[in-house]
file final-v3.pdb (PDB, C-alpha atoms, pLDDT in the B column)
ATOM      1  CA  MET A   1      15.333 -17.136   2.611  1.00 89.00           C
ATOM      2  CA  THR A   2      11.923 -18.459   1.651  1.00 94.00           C
ATOM      3  CA  LYS A   3      11.095 -18.968  -2.025  1.00 94.00           C
ATOM      4  CA  ILE A   4       7.629 -17.610  -2.834  1.00 94.00           C
ATOM      5  CA  GLN A   5       5.999 -17.775  -6.270  1.00 92.00           C
ATOM      6  CA  LYS A   6       3.034 -15.587  -7.236  1.00 91.00           C
ATOM      7  CA  ASP A   7       1.878 -15.851 -10.850  1.00 85.00           C
ATOM      8  CA  GLU A   8       5.040 -15.312 -12.940  1.00 88.00           C
ATOM      9  CA  TYR A   9       6.923 -13.682 -10.050  1.00 89.00           C
ATOM     10  CA  VAL A  10       9.498 -15.591  -8.000  1.00 93.00           C
ATOM     11  CA  PHE A  11      10.733 -14.045  -4.754  1.00 94.00           C
ATOM     12  CA  PHE A  12      13.292 -14.896  -2.111  1.00 95.00           C
ATOM     13  CA  ALA A  13      11.928 -13.304   1.052  1.00 95.00           C
ATOM     14  CA  ASP A  14      13.618 -13.161   4.426  1.00 95.00           C
ATOM     15  CA  VAL A  15      10.330 -13.559   6.294  1.00 97.00           C
ATOM     16  CA  GLU A  16      11.861 -13.321   9.790  1.00 96.00           C
ATOM     17  CA  LYS A  17      13.828 -10.158   8.960  1.00 94.00           C
ATOM     18  CA  THR A  18      10.696  -8.643   7.387  1.00 94.00           C
ATOM     19  CA  GLN A  19       8.672  -9.452  10.526  1.00 95.00           C
ATOM     20  CA  GLU A  20      11.369  -7.784  12.663  1.00 93.00           C
ATOM     21  CA  TYR A  21      11.280  -4.744  10.383  1.00 91.00           C
ATOM     22  CA  TYR A  22       7.535  -4.356  10.948  1.00 92.00           C
ATOM     23  CA  LYS A  23       7.913  -4.658  14.720  1.00 92.00           C
ATOM     24  CA  THR A  24      10.231  -1.641  14.860  1.00 88.00           C
ATOM     25  CA  HIS A  25       9.512   0.749  11.975  1.00 83.00           C
ATOM     26  CA  SER A  26       7.550   3.935  12.572  1.00 84.00           C
ATOM     27  CA  ILE A  27       4.147   4.696  11.056  1.00 88.00           C
ATOM     28  CA  CYS A  28       2.257   7.862  10.184  1.00 89.00           C
ATOM     29  CA  ASP A  29      -0.224   9.255  12.713  1.00 92.00           C
ATOM     30  CA  CYS A  30      -2.448  11.328  10.392  1.00 91.00           C
ATOM     31  CA  VAL A  31      -6.205  10.653  10.478  1.00 93.00           C
ATOM     32  CA  CYS A  32      -6.356   9.054   7.017  1.00 93.00           C
ATOM     33  CA  CYS A  33      -3.604   6.590   7.915  1.00 94.00           C
ATOM     34  CA  ARG A  34      -5.179   5.821  11.287  1.00 95.00           C
ATOM     35  CA  ASN A  35      -8.463   5.107   9.471  1.00 96.00           C
ATOM     36  CA  TYR A  36      -6.567   2.612   7.290  1.00 96.00           C
ATOM     37  CA  TYR A  37      -4.796   0.917  10.229  1.00 96.00           C
ATOM     38  CA  ALA A  38      -8.074   0.562  12.153  1.00 95.00           C
ATOM     39  CA  GLN A  39      -9.800  -1.635   9.581  1.00 95.00           C
ATOM     40  CA  ILE A  40      -7.519  -2.976   6.862  1.00 95.00           C
ATOM     41  CA  LYS A  41      -6.714  -6.365   8.426  1.00 92.00           C
ATOM     42  CA  ASN A  42     -10.380  -7.371   8.802  1.00 93.00           C
ATOM     43  CA  LYS A  43     -11.664  -5.700   5.610  1.00 93.00           C
ATOM     44  CA  LEU A  44      -9.268  -7.437   3.212  1.00 94.00           C
ATOM     45  CA  PRO A  45      -8.360 -10.890   4.598  1.00 94.00           C
ATOM     46  CA  LYS A  46      -7.036 -12.223   1.249  1.00 95.00           C
ATOM     47  CA  LEU A  47      -4.667  -9.263   0.969  1.00 96.00           C
ATOM     48  CA  ASN A  48      -3.641  -9.814   4.591  1.00 96.00           C
ATOM     49  CA  ASP A  49      -2.862 -13.483   3.825  1.00 96.00           C
ATOM     50  CA  PHE A  50      -0.896 -12.507   0.701  1.00 96.00           C
ATOM     51  CA  LEU A  51       1.241  -9.988   2.603  1.00 97.00           C
ATOM     52  CA  SER A  52       1.643 -12.231   5.678  1.00 97.00           C
ATOM     53  CA  GLU A  53       3.292 -14.897   3.527  1.00 97.00           C
ATOM     54  CA  PHE A  54       6.162 -12.400   3.023  1.00 97.00           C
ATOM     55  CA  GLY A  55       6.238 -11.434   6.726  1.00 97.00           C
ATOM     56  CA  VAL A  56       4.505  -8.089   6.126  1.00 96.00           C
ATOM     57  CA  ASP A  57       2.201  -6.546   8.753  1.00 96.00           C
ATOM     58  CA  ILE A  58      -0.735  -5.174   6.724  1.00 96.00           C
ATOM     59  CA  THR A  59      -1.457  -2.567   9.429  1.00 95.00           C
ATOM     60  CA  LYS A  60       1.983  -0.915   9.121  1.00 95.00           C
ATOM     61  CA  PRO A  61       2.606   0.250   5.538  1.00 94.00           C
ATOM     62  CA  ASP A  62       5.641   2.354   4.689  1.00 91.00           C
ATOM     63  CA  GLU A  63       3.695   4.843   2.610  1.00 92.00           C
ATOM     64  CA  ILE A  64       0.024   5.587   1.963  1.00 93.00           C
ATOM     65  CA  MET A  65      -1.214   7.891  -0.763  1.00 93.00           C
ATOM     66  CA  SER A  66      -4.879   8.741  -0.402  1.00 93.00           C
ATOM     67  CA  VAL A  67      -7.659  11.115  -1.342  1.00 91.00           C
ATOM     68  CA  GLU A  68     -10.495  12.080   0.992  1.00 89.00           C
ATOM     69  CA  MET A  69     -13.968  11.741  -0.462  1.00 87.00           C
ATOM     70  CA  ASP A  70     -17.377  12.552   1.103  1.00 83.00           C
ATOM     71  CA  ASP A  71     -17.655   9.497   3.374  1.00 85.00           C
ATOM     72  CA  TYR A  72     -14.741   7.270   2.410  1.00 90.00           C
ATOM     73  CA  ILE A  73     -11.028   7.396   1.654  1.00 92.00           C
ATOM     74  CA  ASP A  74      -9.557   6.285  -1.665  1.00 92.00           C
ATOM     75  CA  TYR A  75      -6.187   4.747  -0.805  1.00 94.00           C
ATOM     76  CA  PHE A  76      -4.880   4.718  -4.351  1.00 91.00           C
ATOM     77  CA  ASN A  77      -1.409   3.433  -3.447  1.00 93.00           C
ATOM     78  CA  VAL A  78      -0.123   1.672  -0.324  1.00 95.00           C
ATOM     79  CA  ASP A  79       3.524   0.530  -0.147  1.00 94.00           C
ATOM     80  CA  TYR A  80       5.022  -2.293   1.925  1.00 94.00           C
ATOM     81  CA  THR A  81       8.674  -3.328   2.252  1.00 92.00           C
ATOM     82  CA  VAL A  82       9.845  -6.955   2.050  1.00 93.00           C
ATOM     83  CA  CYS A  83      13.400  -7.919   2.996  1.00 93.00           C
ATOM     84  CA  GLY A  84      14.806 -10.070   0.210  1.00 93.00           C
ATOM     85  CA  ASN A  85      14.866  -9.983  -3.583  1.00 90.00           C
ATOM     86  CA  MET A  86      13.049 -10.963  -6.751  1.00 87.00           C
ATOM     87  CA  GLN A  87      14.435 -13.837  -8.797  1.00 87.00           C
ATOM     88  CA  SER A  88      12.077 -13.196 -11.711  1.00 85.00           C
ATOM     89  CA  MET A  89       9.446 -10.595 -12.480  1.00 83.00           C
ATOM     90  CA  GLY A  90       6.133 -11.117 -14.230  1.00 78.00           C
ATOM     91  CA  GLU A  91       4.958  -9.021 -17.146  1.00 79.00           C
ATOM     92  CA  CYS A  92       1.767  -7.830 -15.433  1.00 82.00           C
ATOM     93  CA  GLU A  93       0.714  -6.840 -11.948  1.00 86.00           C
ATOM     94  CA  ILE A  94      -0.685  -9.439  -9.558  1.00 90.00           C
ATOM     95  CA  ASP A  95      -4.448  -9.172  -9.119  1.00 91.00           C
ATOM     96  CA  ILE A  96      -6.441 -10.148  -6.040  1.00 89.00           C
ATOM     97  CA  TYR A  97     -10.197  -9.972  -5.590  1.00 89.00           C
ATOM     98  CA  ASP A  98     -10.955  -9.409  -1.910  1.00 85.00           C
ATOM     99  CA  SER A  99     -14.349  -7.632  -1.874  1.00 83.00           C
ATOM    100  CA  LEU A 100     -12.458  -5.077  -3.986  1.00 83.00           C
ATOM    101  CA  PHE A 101     -10.433  -5.657  -7.141  1.00 89.00           C
ATOM    102  CA  LEU A 102      -6.826  -4.944  -6.091  1.00 90.00           C
ATOM    103  CA  SER A 103      -3.719  -4.664  -8.239  1.00 89.00           C
ATOM    104  CA  ILE A 104      -0.340  -5.424  -6.729  1.00 90.00           C
ATOM    105  CA  VAL A 105       2.753  -3.932  -8.311  1.00 89.00           C
ATOM    106  CA  ILE A 106       6.200  -5.189  -7.298  1.00 87.00           C
ATOM    107  CA  THR A 107       9.276  -2.994  -7.635  1.00 85.00           C
ATOM    108  CA  ASN A 108      12.844  -3.858  -6.783  1.00 81.00           C
ATOM    109  CA  GLY A 109      14.449  -1.334  -4.419  1.00 68.00           C
ATOM    110  CA  PHE A 110      11.707   1.274  -4.911  1.00 66.00           C
ATOM    111  CA  ALA A 111      12.442   4.504  -3.061  1.00 61.00           C
ATOM    112  CA  SER A 112       9.285   4.514  -0.932  1.00 63.00           C
ATOM    113  CA  PRO A 113      10.221   5.901   2.473  1.00 59.00           C
ATOM    114  CA  ASN A 114      11.285   3.003   4.656  1.00 62.00           C
ATOM    115  CA  GLU A 115      13.792   2.211   7.343  1.00 64.00           C
ATOM    116  CA  GLN A 116      15.244  -0.861   5.596  1.00 63.00           C
ATOM    117  CA  THR A 117      18.939  -0.594   4.766  1.00 64.00           C
ATOM    118  CA  GLY A 118      19.520  -4.050   3.270  1.00 77.00           C
ATOM    119  CA  GLU A 119      18.248  -5.716   0.113  1.00 87.00           C
ATOM    120  CA  TYR A 120      14.487  -5.310  -0.301  1.00 88.00           C
ATOM    121  CA  PHE A 121      11.618  -4.993  -2.739  1.00 90.00           C
ATOM    122  CA  THR A 122       8.363  -3.052  -2.479  1.00 91.00           C
ATOM    123  CA  ILE A 123       4.831  -4.400  -2.726  1.00 93.00           C
ATOM    124  CA  SER A 124       2.480  -1.600  -3.799  1.00 93.00           C
ATOM    125  CA  VAL A 125      -1.259  -2.206  -3.512  1.00 94.00           C
ATOM    126  CA  THR A 126      -3.582   0.006  -5.532  1.00 92.00           C
ATOM    127  CA  GLN A 127      -7.305   0.701  -5.577  1.00 88.00           C
ATOM    128  CA  ILE A 128      -8.195   0.272  -1.898  1.00 94.00           C
ATOM    129  CA  THR A 129     -11.347   2.149  -0.905  1.00 94.00           C
ATOM    130  CA  LEU A 130     -12.368   2.130   2.764  1.00 94.00           C
ATOM    131  CA  PRO A 131     -15.199   3.796   4.645  1.00 95.00           C
ATOM    132  CA  TRP A 132     -14.518   6.362   7.323  1.00 93.00           C
ATOM    133  CA  VAL A 133     -14.682   4.507  10.678  1.00 94.00           C
ATOM    134  CA  LEU A 134     -12.877   6.790  13.128  1.00 93.00           C
ATOM    135  CA  ASP A 135     -14.854   8.585  15.800  1.00 92.00           C
ATOM    136  CA  GLU A 136     -13.663  11.977  14.558  1.00 90.00           C
ATOM    137  CA  PRO A 137     -14.546  14.132  11.554  1.00 86.00           C
ATOM    138  CA  ILE A 138     -13.379  13.018   8.139  1.00 84.00           C
ATOM    139  CA  PRO A 139     -10.929  15.527   6.613  1.00 80.00           C
ATOM    140  CA  LYS A 140     -12.430  17.933   4.145  1.00 75.00           C
ATOM    141  CA  LYS A 141     -12.188  16.853   0.544  1.00 64.00           C
ATOM    142  CA  VAL A 142      -9.755  18.908  -1.557  1.00 59.00           C
ATOM    143  CA  VAL A 143     -11.358  20.320  -4.686  1.00 56.00           C
ATOM    144  CA  LEU A 144      -8.997  21.307  -7.475  1.00 51.00           C
ATOM    145  CA  LYS A 145      -9.930  24.237  -9.614  1.00 51.00           C
ATOM    146  CA  THR A 146      -9.029  22.662 -12.925  1.00 54.00           C
ATOM    147  CA  LYS A 147      -9.359  25.805 -15.025  1.00 53.00           C
ATOM    148  CA  LYS A 148      -6.695  27.650 -13.007  1.00 51.00           C
ATOM    149  CA  PHE A 149      -4.562  24.505 -12.916  1.00 48.00           C
ATOM    150  CA  ARG A 150      -4.652  24.159 -16.717  1.00 51.00           C
ATOM    151  CA  GLU A 151      -3.883  27.863 -17.204  1.00 57.00           C
ATOM    152  CA  ARG A 152      -0.675  27.531 -15.161  1.00 53.00           C
ATOM    153  CA  PHE A 153       0.676  24.951 -17.572  1.00 53.00           C
ATOM    154  CA  LYS A 154      -0.265  26.712 -20.814  1.00 56.00           C
ATOM    155  CA  LYS A 155       2.724  28.157 -22.587  1.00 51.00           C
TER
END

call {"tool": "encode", "arguments": {"input": "final-v3.pdb", "output": "structure tokens"}}
result
Amino acid sequence: MTKIQKDEYVFFADVEKTQEYYKTHSICDCVCCRNYYAQIKNKLPKLNDFLSEFGVDITKPDEIMSVEMDDYIDYFNVDYTVCGNMQSMGECEIDIYDSLFLSIVITNGFASPNEQTGEYFTISVTQITLPWVLDEPIPKKVVLKTKKFRERFKK
């Protein structure tokens, strides 16, 4: 186990086991995820360095939650699994500025879909916005009709 300290957080990460995990786990093949995989490593090198220290492959997240916009995708939450545990947790998220202001939230044993069966923690990165770079049409933006939505919950 490798001891890693980030701000007030102290981790014990099994870097080799985490690297093995990322060599074998499956990833989503939807267009929004493929857009993320295609550019994330080069777009956010500081985030890549942060995750690499734990053995995480930035191009293979466990879960991506995103919203399609006109010409970009707002990846509002991206989850990564790290084999190991947290010794101590900070009071706030970890912030990184890497051409975007990113917040990193750490959770112990979070139930994000993953194929890890041993002890692990989840690194969730928020506020990633990336342009559309695939040579295929961007998915149509979903527009919520807020009036009907609000009416459903009135009681």

call {"tool": "atom_distance", "arguments": {"input": "final-v3.pdb", "atom1": "CA of Lys46 in chain A", "atom2": "CA of Gly118 in chain A"}}
result
27.9 Å

call {"tool": "resolve_selection", "arguments": {"input": "final-v3.pdb", "expression": "the PyMOL selection byres ((chain A and resi 96) around 12)", "output": "PDB file with C-alpha atoms, keeping the file's coordinate frame"}}
result
ATOM      1  CA  LYS A   6       3.034 -15.587  -7.236  1.00 91.00           C
ATOM      2  CA  ASP A   7       1.878 -15.851 -10.850  1.00 85.00           C
ATOM      3  CA  LEU A  44      -9.268  -7.437   3.212  1.00 94.00           C
ATOM      4  CA  PRO A  45      -8.360 -10.890   4.598  1.00 94.00           C
ATOM      5  CA  LYS A  46      -7.036 -12.223   1.249  1.00 95.00           C
ATOM      6  CA  LEU A  47      -4.667  -9.263   0.969  1.00 96.00           C
ATOM      7  CA  ASN A  48      -3.641  -9.814   4.591  1.00 96.00           C
ATOM      8  CA  ASP A  49      -2.862 -13.483   3.825  1.00 96.00           C
ATOM      9  CA  PHE A  50      -0.896 -12.507   0.701  1.00 96.00           C
ATOM     10  CA  LEU A  51       1.241  -9.988   2.603  1.00 97.00           C
ATOM     11  CA  GLU A  93       0.714  -6.840 -11.948  1.00 86.00           C
ATOM     12  CA  ILE A  94      -0.685  -9.439  -9.558  1.00 90.00           C
ATOM     13  CA  ASP A  95      -4.448  -9.172  -9.119  1.00 91.00           C
ATOM     14  CA  TYR A  97     -10.197  -9.972  -5.590  1.00 89.00           C
ATOM     15  CA  ASP A  98     -10.955  -9.409  -1.910  1.00 85.00           C
ATOM     16  CA  SER A  99     -14.349  -7.632  -1.874  1.00 83.00           C
ATOM     17  CA  LEU A 100     -12.458  -5.077  -3.986  1.00 83.00           C
ATOM     18  CA  PHE A 101     -10.433  -5.657  -7.141  1.00 89.00           C
ATOM     19  CA  LEU A 102      -6.826  -4.944  -6.091  1.00 90.00           C
ATOM     20  CA  SER A 103      -3.719  -4.664  -8.239  1.00 89.00           C
ATOM     21  CA  ILE A 104      -0.340  -5.424  -6.729  1.00 90.00           C
ATOM     22  CA  VAL A 105       2.753  -3.932  -8.311  1.00 89.00           C
ATOM     23  CA  VAL A 125      -1.259  -2.206  -3.512  1.00 94.00           C
ATOM     24  CA  THR A 126      -3.582   0.006  -5.532  1.00 92.00           C
ATOM     25  CA  GLN A 127      -7.305   0.701  -5.577  1.00 88.00           C
ATOM     26  CA  ILE A 128      -8.195   0.272  -1.898  1.00 94.00           C
TER      27      ILE A 128
END

call {"tool": "residues_around", "arguments": {"input": "final-v3.pdb", "residues": "Thr2 in chain A", "least_positions_apart": "6", "cutoff": "12 Å", "atoms": "only C-alpha atoms", "output": "ChimeraX atom specification"}}
result
/A:10-18,53-55,82-87

call {"tool": "residues_near_point", "arguments": {"input": "final-v3.pdb", "point": "(-10.3, 7.4, 14.8)", "cutoff": "12 Å", "atoms": "all atoms listed in the file", "output": "list of chain:residue names"}}
result
A:Asp29, A:Cys30, A:Val31, A:Cys32, A:Cys33, A:Arg34, A:Asn35, A:Tyr36, A:Tyr37, A:Ala38, A:Gln39, A:Pro131, A:Trp132, A:Val133, A:Leu134, A:Asp135, A:Glu136, A:Pro137, A:Ile138, A:Pro139

call {"tool": "closest_residue", "arguments": {"input": "final-v3.pdb", "among": "A:Tyr9, A:Tyr80, A:Tyr21, A:Phe121", "to": "Thr59 in chain A", "atoms": "all atoms listed in the file"}}
result
A:Tyr80

call {"tool": "closest_residue", "arguments": {"input": "final-v3.pdb", "among": "A:Ser26, A:Gln5, A:Thr129, A:Ile40", "to": "Met65 in chain A", "atoms": "only C-alpha atoms"}}
result
A:Thr129

call {"tool": "residues_near_point", "arguments": {"input": "final-v3.pdb", "point": "(4.7, -1.6, 10.1)", "cutoff": "6 Å", "atoms": "all atoms listed in the file", "output": "PyMOL selection string"}}
result
chain A and resi 22+25+57+60-61

call {"tool": "atom_distance", "arguments": {"input": "final-v3.pdb", "atom1": "CA of Asp62 in chain A", "atom2": "CA of Ile4 in chain A"}}
result
21.4 Å

call {"tool": "atom_distance", "arguments": {"input": "final-v3.pdb", "atom1": "CA of Glu68 in chain A", "atom2": "CA of Leu130 in chain A"}}
result
10.3 Å

call {"tool": "resolve_selection", "arguments": {"input": "final-v3.pdb", "expression": "the PyMOL selection byres ((chain A and resi 67) around 9)", "output": "compact mmCIF listing (two decimals) with C-alpha atoms, in the coordinates of the input"}}
result
# COMPACT_ATOMS: atom_id res chain seq x y z
CA CYS A 32 -6.36 9.05 7.02
CA MET A 65 -1.21 7.89 -0.76
CA SER A 66 -4.88 8.74 -0.40
CA GLU A 68 -10.50 12.08 0.99
CA MET A 69 -13.97 11.74 -0.46
CA TYR A 72 -14.74 7.27 2.41
CA ILE A 73 -11.03 7.40 1.65
CA ASP A 74 -9.56 6.28 -1.66
CA TYR A 75 -6.19 4.75 -0.80
CA PHE A 76 -4.88 4.72 -4.35
CA LYS A 141 -12.19 16.85 0.54
CA VAL A 142 -9.76 18.91 -1.56

call {"tool": "closest_residue", "arguments": {"input": "final-v3.pdb", "among": "A:Asp70, A:Cys92, A:Glu8, A:Lys43", "to": "Ile58 in chain A", "atoms": "all atoms listed in the file"}}
result
A:Lys43
